[in-house]
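Working notes, structure below.
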Amino acid sequence: MRAFVFPGQGSQAIGMGQELAAAFPVAREVFEEVDDALGQSLSALMRDGPEDQLILTENAQPALMAVSIAVVRVLEAEAGKPLSDMGAFVAGHSLGEYSALCGARALPLAATAKLLKLRGQAMQKAVPVGEGAMAAILGLDLADAEAVAAEAAQGEICTAANDNAPGQVVISGAKAAVERAVEIAKTKGAKRAMLLPVSAPFHCDLMAPAADAMAAALAETDILPPSMALVANVTAQVVTDPAAIRTQLVEQVCGRVRWRECVLTMKGEGVETLVEVGAGKVLSGLARRIDRELTGVAVNGPGEVESFLKTL
């Protein structure tokens, strides 16, 4: 059994999606629809840069979604069947959850692009640049990383934001607190602890203004039942009810990305292969770290599309 998984921020790169667009008209159509929805040539930014503009949260989020959906549409066109006939579950890392919902036909493409543009802008505005930070803590399990964050907080916000894989936890919060956590982690046996080059402290309570913005936007957005079961970031459980999906997308802005648990939930339901659709290979690379019986496959270019179709 397969699940399709959708990458989050950090997987963006200049040139992403371009081989796919050159080979498949349906991929170009996705990029054109996103450009039209946003009123900007996001596809040109993805193709040519500059990188300092592509990595801006408000651009990176819809751009990554666009590449993921381009892959989905190509797979569907070439296989002659919907994604739901190729796998049983979808899940996405942070913004990738929106890509997953779009891929499973719960959200239209144009609406997803607009939501992610707003989400990126709102997350960036929530905390002034320089006041928040995130750090990767490698070699400690979730409970130990949580303890480090709690010790470092000293009255400020500092929490485990992403539980990505065993021994790979990201913490988020006030800059001084996160810097303290990096030093504390090194004394607690972490193999590495390092600040991440991000522009805001995602997935912590400092993002509350962004959650409010998304609640307002999602209240005006029609969400359909997804064609495949979604495993949600904030609960690591299956959700198919549109009202619950809407609520959990709001909670996701400040809530922890429980990726390790999401993958284990899918494994428990019989999933054997995680197919990462979109830019990069982060999630497919995490699959075996989470459970050695899982296989991770990345599909983002024409050659990978061809190889995947042979497995159907």
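Each chain of the structure tokens is named A, B, ... in the order shown, its residues numbered from 1; ligands are numbered from 1 in display order.
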
Using only C-alpha atoms, tabulate the residues of range 281-310 of chain A lying at most 9 Å from any atom of range 255-267 of chain A, each with its closest atom pair and that distance in Å to one decimal, by chain and increasing residue number, as a Markdown table.
| residue | atom | partner | partner_atom | distance |
| --- | --- | --- | --- | --- |
| A:Leu286 | CA | A:Arg260 | CA | 8.7 |
| A:Ala287 | CA | A:Val263 | CA | 7.6 |
| A:Ile290 | CA | A:Arg260 | CA | 6.3 |
| A:Asp291 | CA | A:Leu264 | CA | 7.5 |
| A:Glu293 | CA | A:Lys267 | CA | 8.9 |
| A:Leu294 | CA | A:Lys267 | CA | 7.6 |

When you look at range 43-48 of chain A with a cut-off of 6 Å (counting only C-alpha atoms), what residues show up, excluding the ones that are within fewer than 4 positions of it in the same chain? I need them as a ChimeraX atom specification. /A:14-15,31

Residues near range 97-113 of chain A, anyone? I mean within 10 Å using only C-alpha atoms, not counting same-chain ones fewer than 4 positions away, as a ChimeraX atom specification. /A:4-8,30,33-38,59,61-73,82-84,89-93,117-119,218,221-233,240,242,245,249,252,277-278

Using DSSP on the backbone coordinates, identify all residues within range 63-237 of chain A classified as strand (DSSP E); present the result as a PyMOL selection string. chain A and resi 89-92+132-138+158-165+168-174+192-195+229-231

Please produce a file of those selected residues containing C-alpha atoms, as a CSV table (one decimal), in the first residue's frame.
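This went into selection-v1.csv:
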chain,number,residue,atom,x,y,z
A,89,PHE,CA,-3.4,8.1,2.2
A,90,VAL,CA,-2.0,11.6,1.8
A,91,ALA,CA,0.0,13.6,4.3
A,92,GLY,CA,2.1,16.7,4.1
A,132,GLY,CA,12.3,34.4,16.9
A,133,ALA,CA,14.4,31.4,15.9
A,134,MET,CA,14.3,27.7,15.2
A,135,ALA,CA,17.0,25.1,15.9
A,136,ALA,CA,17.5,21.5,14.9
A,137,ILE,CA,18.4,19.1,17.8
A,138,LEU,CA,19.9,15.9,16.5
A,158,CYS,CA,10.4,27.7,23.5
A,159,THR,CA,8.9,24.4,22.3
A,160,ALA,CA,9.4,21.3,20.2
A,161,ALA,CA,7.9,22.4,16.8
A,162,ASN,CA,8.7,19.4,14.5
A,163,ASP,CA,9.1,15.8,15.5
A,164,ASN,CA,10.6,14.7,12.2
A,165,ALA,CA,12.2,11.4,13.0
A,168,GLN,CA,15.6,14.7,14.8
A,169,VAL,CA,13.5,17.3,16.5
A,170,VAL,CA,13.2,21.0,15.7
A,171,ILE,CA,12.5,23.6,18.4
A,172,SER,CA,11.0,27.0,17.9
A,173,GLY,CA,10.4,30.2,20.0
A,174,ALA,CA,12.0,33.4,21.2
A,192,ARG,CA,24.4,18.4,17.0
A,193,ALA,CA,22.3,21.4,17.9
A,194,MET,CA,22.2,24.3,15.5
A,195,LEU,CA,20.2,27.3,14.6
A,229,ALA,CA,-7.6,9.7,3.9
A,230,LEU,CA,-5.5,12.6,5.2
A,231,VAL,CA,-3.2,12.0,8.2

Report, in Å to a single decimal, how far apart CA of Ala60 in chain A and CA of Met207 in chain A are.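 So the two atoms, CA of Met207 in chain A and CA of Ala60 in chain A, lie 17.8 Å apart.
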
Judged by only C-alpha atoms, the minimum distance to Leu140 in chain A among A:Pro128, A:Val234, A:Ala185, A:Ala152 is found for A:Ala185

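CA of Arg2 in chain A is positioned 8.5 Å from CA of Gly270 in chain A.
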